[in-house]
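Source file work30.pdb; content: PDB, C-alpha atoms.
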```
MODEL        1
ATOM      1  CA  MET F 265     -14.477  -7.158 -20.284
ATOM      2  CA  GLU F 266     -11.546  -7.520 -22.661
ATOM      3  CA  ASN F 267      -8.455  -9.505 -21.648
ATOM      4  CA  ASN F 268      -6.167  -6.698 -22.783
ATOM      5  CA  ASN F 269      -7.851  -4.041 -20.676
ATOM      6  CA  PRO F 270      -5.438  -2.704 -18.051
ATOM      7  CA  ILE F 271      -5.053  -3.350 -14.360
ATOM      8  CA  ALA F 272      -5.379  -0.096 -12.414
ATOM      9  CA  VAL F 273      -3.442   0.390  -9.173
ATOM     10  CA  PHE F 274      -3.660   3.446  -6.960
ATOM     11  CA  ASP F 275      -2.771   4.865  -3.571
ATOM     12  CA  SER F 276      -2.211   8.329  -2.130
ATOM     13  CA  GLY F 277       1.215   8.540  -3.738
ATOM     14  CA  VAL F 278       4.491   6.666  -3.946
ATOM     15  CA  GLY F 279       3.229   3.724  -1.875
ATOM     16  CA  SER F 280       1.444   2.102  -4.811
ATOM     17  CA  PHE F 281       4.742   1.351  -6.502
ATOM     18  CA  SER F 282       5.656  -1.207  -3.825
ATOM     19  CA  ILE F 283       2.685  -3.205  -5.146
ATOM     20  CA  VAL F 284       3.168  -2.296  -8.806
ATOM     21  CA  ARG F 285       6.745  -3.558  -8.962
ATOM     22  CA  VAL F 286       5.692  -7.007  -7.702
ATOM     23  CA  LEU F 287       2.654  -7.154 -10.000
ATOM     24  CA  ARG F 288       4.964  -6.472 -12.958
ATOM     25  CA  LYS F 289       7.158  -9.435 -12.018
ATOM     26  CA  VAL F 290       4.254 -11.820 -11.481
ATOM     27  CA  LEU F 291       2.171 -10.538 -14.447
ATOM     28  CA  PRO F 292       4.648  -9.340 -17.113
ATOM     29  CA  SER F 293       2.017  -9.447 -19.869
ATOM     30  CA  GLU F 294      -0.405  -7.076 -18.153
ATOM     31  CA  HIS F 295      -0.813  -3.391 -18.956
ATOM     32  CA  ILE F 296      -0.777  -1.529 -15.622
ATOM     33  CA  ILE F 297      -2.095   1.957 -14.952
ATOM     34  CA  TYR F 298      -0.374   3.275 -11.832
ATOM     35  CA  LEU F 299      -2.122   6.303 -10.318
ATOM     36  CA  ALA F 300      -0.120   8.083  -7.634
ATOM     37  CA  ASP F 301      -2.857  10.247  -6.123
ATOM     38  CA  ARG F 302      -0.476  12.566  -4.316
ATOM     39  CA  VAL F 303      -2.979  15.364  -3.682
ATOM     40  CA  SER F 304      -4.872  12.933  -1.438
ATOM     41  CA  PHE F 305      -1.843  12.165   0.766
ATOM     42  CA  PRO F 306      -2.097  11.140   3.519
ATOM     43  CA  TYR F 307      -5.034   8.730   3.713
ATOM     44  CA  GLY F 308      -4.261   8.018   7.364
ATOM     45  CA  THR F 309      -5.591  11.330   8.694
ATOM     46  CA  LYS F 310      -8.924  11.311   6.838
ATOM     47  CA  THR F 311     -12.259  10.468   8.426
ATOM     48  CA  ASN F 312     -14.017   7.346   7.188
ATOM     49  CA  GLU F 313     -16.479   9.466   5.212
ATOM     50  CA  GLU F 314     -13.710  11.556   3.619
ATOM     51  CA  LEU F 315     -11.780   8.415   2.775
ATOM     52  CA  LYS F 316     -14.826   6.696   1.306
ATOM     53  CA  ASP F 317     -15.658   9.695  -0.908
ATOM     54  CA  ASN F 318     -12.044   9.979  -2.046
ATOM     55  CA  ILE F 319     -11.719   6.301  -2.968
ATOM     56  CA  ILE F 320     -15.033   6.266  -4.827
ATOM     57  CA  SER F 321     -14.100   9.338  -6.874
ATOM     58  CA  ARG F 322     -10.736   7.838  -7.870
ATOM     59  CA  ILE F 323     -12.255   4.492  -8.789
ATOM     60  CA  LYS F 324     -14.990   6.099 -10.893
ATOM     61  CA  TRP F 325     -12.409   8.263 -12.674
ATOM     62  CA  LEU F 326     -10.262   5.216 -13.451
ATOM     63  CA  GLU F 327     -13.328   3.306 -14.694
ATOM     64  CA  LYS F 328     -14.395   6.150 -16.973
ATOM     65  CA  THR F 329     -10.895   6.902 -18.270
ATOM     66  CA  TYR F 330      -9.348   3.441 -18.636
ATOM     67  CA  ASN F 331     -12.083   0.803 -18.188
ATOM     68  CA  PRO F 332      -9.734  -1.472 -16.189
ATOM     69  CA  LYS F 333     -10.508  -5.161 -15.740
ATOM     70  CA  ILE F 334      -9.585  -4.920 -12.060
ATOM     71  CA  ILE F 335      -8.598  -2.140  -9.672
ATOM     72  CA  VAL F 336      -6.135  -2.618  -6.823
ATOM     73  CA  VAL F 337      -6.662  -0.175  -3.959
ATOM     74  CA  ALA F 338      -2.991  -0.379  -3.016
ATOM     75  CA  SER F 339      -3.272   0.995   0.497
ATOM     76  CA  ASN F 340      -4.038  -0.749   3.766
ATOM     77  CA  THR F 341      -5.817   2.276   5.254
ATOM     78  CA  PRO F 342      -8.809   2.447   2.837
ATOM     79  CA  SER F 343      -8.772  -1.324   2.358
ATOM     80  CA  ILE F 344      -9.295  -1.841   6.084
ATOM     81  CA  GLN F 345     -11.565   1.100   6.775
ATOM     82  CA  VAL F 346     -13.890   1.592   3.792
ATOM     83  CA  LEU F 347     -13.399  -0.900   0.973
ATOM     84  CA  ASP F 348     -16.439  -2.973   1.957
ATOM     85  CA  LYS F 349     -18.522   0.231   1.809
ATOM     86  CA  VAL F 350     -17.133   1.227  -1.601
ATOM     87  CA  ILE F 351     -17.922  -1.962  -3.526
ATOM     88  CA  ASP F 352     -21.592  -1.049  -4.085
ATOM     89  CA  PHE F 353     -20.581   2.158  -5.877
ATOM     90  CA  THR F 354     -18.294   0.542  -8.441
ATOM     91  CA  LYS F 355     -18.609  -1.806 -11.394
ATOM     92  CA  THR F 356     -15.058  -3.158 -11.361
ATOM     93  CA  LYS F 357     -13.602  -6.041  -9.364
ATOM     94  CA  LEU F 358     -11.661  -4.495  -6.474
ATOM     95  CA  PHE F 359      -8.664  -5.827  -4.570
ATOM     96  CA  GLY F 360      -7.494  -4.351  -1.297
ATOM     97  CA  VAL F 361      -4.233  -4.725   0.596
ATOM     98  CA  TYR F 362      -4.429  -6.035   4.156
ATOM     99  CA  PRO F 363      -2.025  -6.876   6.985
ATOM    100  CA  PRO F 364      -0.586 -10.380   6.308
ATOM    101  CA  ILE F 365      -1.458 -11.576   9.797
ATOM    102  CA  GLU F 366      -1.567 -15.277   8.960
ATOM    103  CA  LYS F 367       1.975 -15.146   7.611
ATOM    104  CA  ALA F 368       3.104 -13.259  10.719
ATOM    105  CA  VAL F 369       1.558 -15.946  12.920
ATOM    106  CA  SER F 370       3.414 -18.635  10.989
ATOM    107  CA  LEU F 371       6.740 -16.826  11.449
ATOM    108  CA  THR F 372       6.638 -15.649  15.056
ATOM    109  CA  LYS F 373       8.582 -17.641  17.626
ATOM    110  CA  THR F 374       7.551 -15.476  20.585
ATOM    111  CA  ASN F 375       3.816 -15.223  19.713
ATOM    112  CA  HIS F 376       4.139 -11.424  19.736
ATOM    113  CA  ILE F 377       3.364  -9.550  16.492
ATOM    114  CA  GLY F 378       3.305  -5.875  15.519
ATOM    115  CA  ILE F 379       1.159  -4.266  12.821
ATOM    116  CA  LEU F 380       2.759  -1.092  11.450
ATOM    117  CA  ALA F 381       0.048   1.056   9.861
ATOM    118  CA  THR F 382      -1.217   4.621   9.632
ATOM    119  CA  LYS F 383      -2.829   6.360  12.601
ATOM    120  CA  GLY F 384      -6.235   6.119  10.943
ATOM    121  CA  ALA F 385      -5.901   2.390  10.425
ATOM    122  CA  VAL F 386      -4.575   1.432  13.862
ATOM    123  CA  GLU F 387      -7.219   3.521  15.651
ATOM    124  CA  SER F 388     -10.133   2.263  13.557
ATOM    125  CA  PRO F 389     -12.619  -0.340  14.799
ATOM    126  CA  GLU F 390     -12.364  -1.939  11.369
ATOM    127  CA  ILE F 391      -8.835  -3.192  12.027
ATOM    128  CA  ASP F 392     -10.029  -4.884  15.198
ATOM    129  CA  ASN F 393     -12.807  -6.539  13.203
ATOM    130  CA  PHE F 394     -10.284  -7.600  10.575
ATOM    131  CA  ILE F 395      -8.033  -9.185  13.201
ATOM    132  CA  LYS F 396     -10.989 -10.998  14.787
ATOM    133  CA  SER F 397     -12.039 -12.352  11.394
ATOM    134  CA  LYS F 398      -8.714 -14.196  11.102
ATOM    135  CA  ASN F 399      -9.408 -16.415  14.139
ATOM    136  CA  ILE F 400      -5.905 -15.900  15.483
ATOM    137  CA  PRO F 401      -4.859 -18.361  18.247
ATOM    138  CA  GLU F 402      -5.400 -16.927  21.728
ATOM    139  CA  GLN F 403      -1.713 -17.054  22.609
ATOM    140  CA  ILE F 404      -0.845 -14.595  19.842
ATOM    141  CA  LYS F 405      -0.446 -11.027  21.068
ATOM    142  CA  ILE F 406      -0.883  -8.310  18.441
ATOM    143  CA  ALA F 407       0.300  -4.728  18.896
ATOM    144  CA  LYS F 408      -1.082  -2.034  16.584
ATOM    145  CA  ILE F 409       1.651   0.541  15.962
ATOM    146  CA  ASN F 410       1.060   4.041  14.583
ATOM    147  CA  ALA F 411       3.585   4.338  11.742
ATOM    148  CA  SER F 412       2.290   7.564  10.183
ATOM    149  CA  ASP F 413       5.626   9.269  10.923
ATOM    150  CA  LEU F 414       7.342   6.544   8.895
ATOM    151  CA  VAL F 415       4.941   6.900   5.978
ATOM    152  CA  ALA F 416       5.779  10.610   5.948
ATOM    153  CA  LEU F 417       9.434   9.751   5.256
ATOM    154  CA  VAL F 418       8.566   8.107   1.958
ATOM    155  CA  GLU F 419       6.217  10.425   0.074
ATOM    156  CA  PRO F 420       8.639  13.402  -0.129
ATOM    157  CA  GLY F 421      11.642  11.129  -0.691
ATOM    158  CA  THR F 422      13.293  11.812   2.686
ATOM    159  CA  PHE F 423      14.266   8.143   2.971
ATOM    160  CA  GLN F 424      16.430   8.606  -0.111
ATOM    161  CA  THR F 425      18.018  11.937   0.768
ATOM    162  CA  ASP F 426      18.475  11.891   4.562
ATOM    163  CA  LYS F 427      19.525   8.521   5.962
ATOM    164  CA  GLU F 428      20.288   9.917   9.408
ATOM    165  CA  LYS F 429      16.854  11.475   9.853
ATOM    166  CA  THR F 430      15.131   8.396   8.429
ATOM    167  CA  SER F 431      16.982   6.077  10.820
ATOM    168  CA  GLN F 432      16.181   8.287  13.804
ATOM    169  CA  VAL F 433      12.455   8.520  13.030
ATOM    170  CA  ILE F 434      12.288   4.741  12.544
ATOM    171  CA  LYS F 435      14.059   4.184  15.864
ATOM    172  CA  ASN F 436      11.668   6.564  17.622
ATOM    173  CA  VAL F 437       8.649   4.608  16.410
ATOM    174  CA  ILE F 438       9.963   1.059  16.750
ATOM    175  CA  ASP F 439      11.748   1.606  20.071
ATOM    176  CA  ALA F 440       8.554   3.062  21.557
ATOM    177  CA  ALA F 441       6.636  -0.038  20.462
ATOM    178  CA  LEU F 442       9.292  -2.368  21.852
ATOM    179  CA  LYS F 443       9.192  -0.571  25.199
ATOM    180  CA  ILE F 444       5.550  -1.613  25.443
ATOM    181  CA  ASP F 445       6.175  -5.154  24.162
ATOM    182  CA  SER F 446       9.818  -6.182  23.922
ATOM    183  CA  GLU F 447       8.920  -9.675  22.699
ATOM    184  CA  ILE F 448       7.684  -8.634  19.257
ATOM    185  CA  ASP F 449       9.675 -10.579  16.676
ATOM    186  CA  VAL F 450       7.512 -10.077  13.557
ATOM    187  CA  MET F 451       6.048  -6.852  12.157
ATOM    188  CA  THR F 452       3.756  -6.436   9.155
ATOM    189  CA  LEU F 453       4.437  -3.487   6.858
ATOM    190  CA  SER F 454       0.786  -2.500   6.679
ATOM    191  CA  SER F 455       1.128   0.674   4.701
ATOM    192  CA  THR F 456       2.309   0.264   1.120
ATOM    193  CA  HIS F 457       4.787   3.092   1.712
ATOM    194  CA  LEU F 458       6.641   1.091   4.364
ATOM    195  CA  PRO F 459       8.329  -1.556   2.148
ATOM    196  CA  PHE F 460      10.548   1.240   0.811
ATOM    197  CA  LEU F 461      12.020   1.432   4.316
ATOM    198  CA  LYS F 462      12.626  -2.293   4.620
ATOM    199  CA  SER F 463      16.403  -2.049   4.279
ATOM    200  CA  TYR F 464      16.418   0.404   7.189
ATOM    201  CA  PHE F 465      14.246  -1.879   9.313
ATOM    202  CA  GLU F 466      16.448  -4.885   8.643
ATOM    203  CA  GLU F 467      19.642  -2.986   9.373
ATOM    204  CA  LEU F 468      18.350  -1.440  12.616
ATOM    205  CA  TYR F 469      16.381  -4.458  13.884
ATOM    206  CA  PRO F 470      17.902  -7.666  12.470
ATOM    207  CA  GLU F 471      16.152  -9.721  15.163
ATOM    208  CA  ILE F 472      12.692  -8.778  13.815
ATOM    209  CA  SER F 473      11.083 -10.108  10.625
ATOM    210  CA  PHE F 474       9.331  -7.430   8.547
ATOM    211  CA  ILE F 475       6.636  -8.716   6.159
ATOM    212  CA  ASP F 476       5.755  -7.014   2.863
ATOM    213  CA  PRO F 477       2.172  -7.871   1.728
ATOM    214  CA  ALA F 478       2.901  -7.283  -1.978
ATOM    215  CA  ASP F 479       3.499 -10.968  -2.765
ATOM    216  CA  ASN F 480       0.086 -11.895  -1.336
ATOM    217  CA  ILE F 481      -1.831  -9.387  -3.436
ATOM    218  CA  ALA F 482       0.067 -10.284  -6.613
ATOM    219  CA  LYS F 483      -0.815 -13.967  -6.145
ATOM    220  CA  GLU F 484      -4.478 -13.092  -5.504
ATOM    221  CA  VAL F 485      -4.640 -11.043  -8.701
ATOM    222  CA  LEU F 486      -2.916 -13.798 -10.714
ATOM    223  CA  VAL F 487      -5.346 -16.466  -9.492
ATOM    224  CA  TYR F 488      -8.351 -14.255 -10.223
ATOM    225  CA  LEU F 489      -7.237 -13.418 -13.771
ATOM    226  CA  GLU F 490      -6.508 -17.077 -14.505
ATOM    227  CA  ASN F 491      -9.827 -18.274 -13.093
ATOM    228  CA  GLU F 492     -11.786 -15.603 -14.974
ATOM    229  CA  HIS F 493      -9.816 -16.195 -18.190
ATOM    230  CA  LEU F 494      -8.713 -12.539 -18.232
ATOM    231  CA  MET F 495      -4.976 -12.979 -18.714
ATOM    232  CA  SER F 496      -3.526 -10.634 -21.309
ATOM    233  CA  GLY F 497      -1.688 -11.945 -24.349
ATOM    234  CA  CYS F 498       0.202  -8.705 -24.964
ATOM    235  CA  LYS F 499       3.506  -7.331 -23.800
ATOM    236  CA  GLY F 500       2.863  -5.520 -20.543
ATOM    237  CA  ILE F 501       3.204  -1.741 -20.444
ATOM    238  CA  LEU F 502       3.373   0.437 -17.349
ATOM    239  CA  SER F 503       1.719   3.863 -17.539
ATOM    240  CA  VAL F 504       2.259   6.222 -14.599
ATOM    241  CA  ILE F 505      -0.070   9.122 -13.843
ATOM    242  CA  THR F 506      -0.241  11.428 -10.839
ATOM    243  CA  THR F 507      -2.528  14.059  -9.416
ATOM    244  CA  VAL F 508      -0.661  17.334  -8.962
ATOM    245  CA  ASP F 509      -0.832  20.469  -6.855
ATOM    246  CA  GLU F 510       1.720  23.128  -7.786
ATOM    247  CA  GLU F 511       1.035  25.150  -4.613
ATOM    248  CA  LYS F 512       1.985  22.139  -2.455
ATOM    249  CA  ASN F 513       4.948  21.336  -4.739
ATOM    250  CA  LEU F 514       3.341  18.035  -5.736
ATOM    251  CA  THR F 515       4.455  17.748  -9.352
ATOM    252  CA  ALA F 516       4.981  15.020 -11.905
ATOM    253  CA  ASP F 517       8.688  15.884 -12.012
ATOM    254  CA  GLY F 518       8.953  15.565  -8.238
ATOM    255  CA  LEU F 519       7.418  12.090  -8.350
ATOM    256  CA  LYS F 520       9.673  11.145 -11.269
ATOM    257  CA  ASP F 521      12.763  12.067  -9.238
ATOM    258  CA  ILE F 522      11.681   9.856  -6.333
ATOM    259  CA  LEU F 523      10.786   6.908  -8.557
ATOM    260  CA  MET F 524      14.047   7.163 -10.490
ATOM    261  CA  LYS F 525      15.958   6.653  -7.255
ATOM    262  CA  ILE F 526      14.075   3.419  -6.591
ATOM    263  CA  GLY F 527      14.563   2.045 -10.076
ATOM    264  CA  LEU F 528      11.742   3.360 -12.260
ATOM    265  CA  ASN F 529      12.635   5.805 -15.038
ATOM    266  CA  THR F 530       9.540   6.633 -17.040
ATOM    267  CA  GLU F 531       7.426   9.536 -18.139
ATOM    268  CA  ILE F 532       4.703  10.564 -15.694
ATOM    269  CA  LYS F 533       1.466  12.170 -16.850
ATOM    270  CA  PRO F 534      -0.119  14.793 -14.581
ATOM    271  CA  VAL F 535      -3.899  14.588 -14.209
ATOM    272  CA  LEU F 536      -6.677  16.444 -12.413
ATOM    273  CA  ILE F 537      -9.428  14.474 -10.670
ATOM    274  CA  ASN F 538     -12.362  16.324  -9.135
TER     275      ASN F 538
ENDMDL
END
```
As structure tokens - that is how I would like this structure written.
Amino acid sequence: MENNNPIAVFDSGVGSFSIVRVLRKVLPSEHIIYLADRVSFPYGTKTNEELKDNIISRIKWLEKTYNPKIIVVASNTPSIQVLDKVIDFTKTKLFGVYPPIEKAVSLTKTNHIGILATKGAVESPEIDNFIKSKNIPEQIKIAKINASDLVALVEPGTFQTDKEKTSQVIKNVIDAALKIDSEIDVMTLSSTHLPFLKSYFEELYPEISFIDPADNIAKEVLVYLENEHLMSGCKGILSVITTVDEEKNLTADGLKDILMKIGLNTEIKPVLIN
């Protein structure tokens, strides 16, 4: 593996960029391939088998096309549900994105935490196993909150174009969770789409801390590259590619418009992945 080979990052769409933008700050010398796999959106409604097949096909395509030194599966849903089943089918070091539960535990003053994630993630047995693996103190109460309606605000850019609708959908989801447990004072943003809504969360619920996992994954990648002596010596370049579906109005131009509004103005290459 060559040091100057790229880092590949992918998700079912816009969500990956919440990870990419932090990786670029922490690793400015790394070439990053950002695949927004929009035709696969949303991951949260797929069965485990569908999700596994989808993730394997995207990883194999990235390996064949770009030979990356690592691949970041920049989505909590497949990371939680199938990543351990995918590893045997790939040759590249994989990183997943997981709820930052330990950080939430360190921040909570009420001992009540919420995990905002997709329907598929919160209803999966794998998330329960993940929580158990963290040996959380018994006094900590964790609520799993279906945030699929919030994820759906991000992919089409609704959060940028309709503040009123975005605020109302967020209130519907968070208020329903707080009716069940009003003591929640920390929530993890456990879909990579959700950090794009953080300003809304903080404005609507200033008493709650919302945790973005991007810093954790960037530090993990940095440590790995340093330990494996795989740090690049070049000037980092970001290349953005996206799967497209004209019939569903999922185009490279549509993604470019959304990304421009969140600070990324770059050419986007459309690709087809079978």
Inset, instruction - For F:Val337, list every protein, DNA or RNA residue within 12 Å, evaluated using all atoms listed in the file, and leave out those in the same chain fewer than 5 positions away; present the list as JSON, numbers by chain. - result: {"F": [271, 272, 273, 274, 275, 276, 277, 279, 280, 281, 283, 284, 298, 299, 300, 301, 307, 316, 318, 319, 320, 322, 323, 326, 342, 343, 344, 345, 346, 347, 348, 350, 351, 356, 357, 358, 359, 360, 361, 362, 455, 456, 481]}
Those residues you just picked out, can you put them in a file as a PDB file, in the frame of the given file with C-alpha atoms?
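What follows is the written file selection-v1.pdb:
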```
ATOM      1  CA  ILE F 271      -5.053  -3.350 -14.360  1.00  0.00           C
ATOM      2  CA  ALA F 272      -5.379  -0.096 -12.414  1.00  0.00           C
ATOM      3  CA  VAL F 273      -3.442   0.390  -9.173  1.00  0.00           C
ATOM      4  CA  PHE F 274      -3.660   3.446  -6.960  1.00  0.00           C
ATOM      5  CA  ASP F 275      -2.771   4.865  -3.571  1.00  0.00           C
ATOM      6  CA  SER F 276      -2.211   8.329  -2.130  1.00  0.00           C
ATOM      7  CA  GLY F 277       1.215   8.540  -3.738  1.00  0.00           C
ATOM      8  CA  GLY F 279       3.229   3.724  -1.875  1.00  0.00           C
ATOM      9  CA  SER F 280       1.444   2.102  -4.811  1.00  0.00           C
ATOM     10  CA  PHE F 281       4.742   1.351  -6.502  1.00  0.00           C
ATOM     11  CA  ILE F 283       2.685  -3.205  -5.146  1.00  0.00           C
ATOM     12  CA  VAL F 284       3.168  -2.296  -8.806  1.00  0.00           C
ATOM     13  CA  TYR F 298      -0.374   3.275 -11.832  1.00  0.00           C
ATOM     14  CA  LEU F 299      -2.122   6.303 -10.318  1.00  0.00           C
ATOM     15  CA  ALA F 300      -0.120   8.083  -7.634  1.00  0.00           C
ATOM     16  CA  ASP F 301      -2.857  10.247  -6.123  1.00  0.00           C
ATOM     17  CA  TYR F 307      -5.034   8.730   3.713  1.00  0.00           C
ATOM     18  CA  LYS F 316     -14.826   6.696   1.306  1.00  0.00           C
ATOM     19  CA  ASN F 318     -12.044   9.979  -2.046  1.00  0.00           C
ATOM     20  CA  ILE F 319     -11.719   6.301  -2.968  1.00  0.00           C
ATOM     21  CA  ILE F 320     -15.033   6.266  -4.827  1.00  0.00           C
ATOM     22  CA  ARG F 322     -10.736   7.838  -7.870  1.00  0.00           C
ATOM     23  CA  ILE F 323     -12.255   4.492  -8.789  1.00  0.00           C
ATOM     24  CA  LEU F 326     -10.262   5.216 -13.451  1.00  0.00           C
ATOM     25  CA  PRO F 342      -8.809   2.447   2.837  1.00  0.00           C
ATOM     26  CA  SER F 343      -8.772  -1.324   2.358  1.00  0.00           C
ATOM     27  CA  ILE F 344      -9.295  -1.841   6.084  1.00  0.00           C
ATOM     28  CA  GLN F 345     -11.565   1.100   6.775  1.00  0.00           C
ATOM     29  CA  VAL F 346     -13.890   1.592   3.792  1.00  0.00           C
ATOM     30  CA  LEU F 347     -13.399  -0.900   0.973  1.00  0.00           C
ATOM     31  CA  ASP F 348     -16.439  -2.973   1.957  1.00  0.00           C
ATOM     32  CA  VAL F 350     -17.133   1.227  -1.601  1.00  0.00           C
ATOM     33  CA  ILE F 351     -17.922  -1.962  -3.526  1.00  0.00           C
ATOM     34  CA  THR F 356     -15.058  -3.158 -11.361  1.00  0.00           C
ATOM     35  CA  LYS F 357     -13.602  -6.041  -9.364  1.00  0.00           C
ATOM     36  CA  LEU F 358     -11.661  -4.495  -6.474  1.00  0.00           C
ATOM     37  CA  PHE F 359      -8.664  -5.827  -4.570  1.00  0.00           C
ATOM     38  CA  GLY F 360      -7.494  -4.351  -1.297  1.00  0.00           C
ATOM     39  CA  VAL F 361      -4.233  -4.725   0.596  1.00  0.00           C
ATOM     40  CA  TYR F 362      -4.429  -6.035   4.156  1.00  0.00           C
ATOM     41  CA  SER F 455       1.128   0.674   4.701  1.00  0.00           C
ATOM     42  CA  THR F 456       2.309   0.264   1.120  1.00  0.00           C
ATOM     43  CA  ILE F 481      -1.831  -9.387  -3.436  1.00  0.00           C
TER      44      ILE F 481
END
```
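Put simply, atom CA of F:Ile448 is 13.7 Å away from atom CA of F:Ser370.
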Legend entry - Among the residues F:Lys520, F:Lys408, F:Lys525, F:Lys462, the one that comes closest to F:Thr430 [using only C-alpha atoms]: F:Lys462
Inset, instruction - Fewer than 2 positions away in the same chain doesn't count, so skip those; otherwise give me all residues within 9 Å of F:Val418, counting only C-alpha atoms, as a PyMOL selection string. - result: chain F and resi 278-279+414-416+420-424+457-458+460-461
Inset, instruction - With the file shown as input, list the residues that the PyMOL selection byres ((chain F and resi 477) around 9) selects, as a PyMOL selection string. - result: chain F and resi 283+361-364+452-454+456+459+475-476+478-482
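In this structure, atom CA of F:Val485 sits 18.1 Å away from atom CA of F:Lys367.
Between atom CA of F:Ile400 and atom CA of F:Lys373 lies a distance of 14.7 Å.
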Inset, instruction - Could you tell me which residues the PyMOL selection byres ((chain F and resi 490-501) around 9) grabs in this file, written as a VMD selection string? - result: chain F and resid 265 to 270 288 291 to 297 333 485 to 489 502 to 503
Legend entry - Pick from F:Gly518, F:Ser388, F:Glu314, F:Ile505, whichever lies nearest to F:Thr329 using only C-alpha atoms: F:Ile505
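Each of F:Glu366, F:Asp521, F:Asp509, F:Asp439 was checked against F:Ile537 using all atoms listed in the file; the smallest atom-to-atom distance is that of F:Asp509.
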Inset, instruction - For the structure provided, state which residues fall under the PyMOL selection byres ((chain F and resi 412) around 9), and present them as a PyMOL selection string. - result: chain F and resi 306+308-309+380-384+410-411+413-417+455
Inset, instruction - Go through F:Arg302, F:Ala385, F:Thr372, F:Phe474 and flag the residue nearest F:Thr507, using only C-alpha atoms for the distances. - result: F:Arg302
Legend entry - Residue contacts of F:Asn375 (9 Å, all atoms listed in the file) excluding same-chain residues fewer than 2 positions away, as a count of residues only: 13
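Proximity of F:Ile365, F:Ile526, F:Val504, F:Leu468 to F:Pro401, computed with all atoms listed in the file, is greatest for F:Ile365.
With distances restricted to all atoms listed in the file, F:Ser304 is the closest residue to F:Val508 from F:Ser446, F:Ser473, F:Ser397, F:Ser304.
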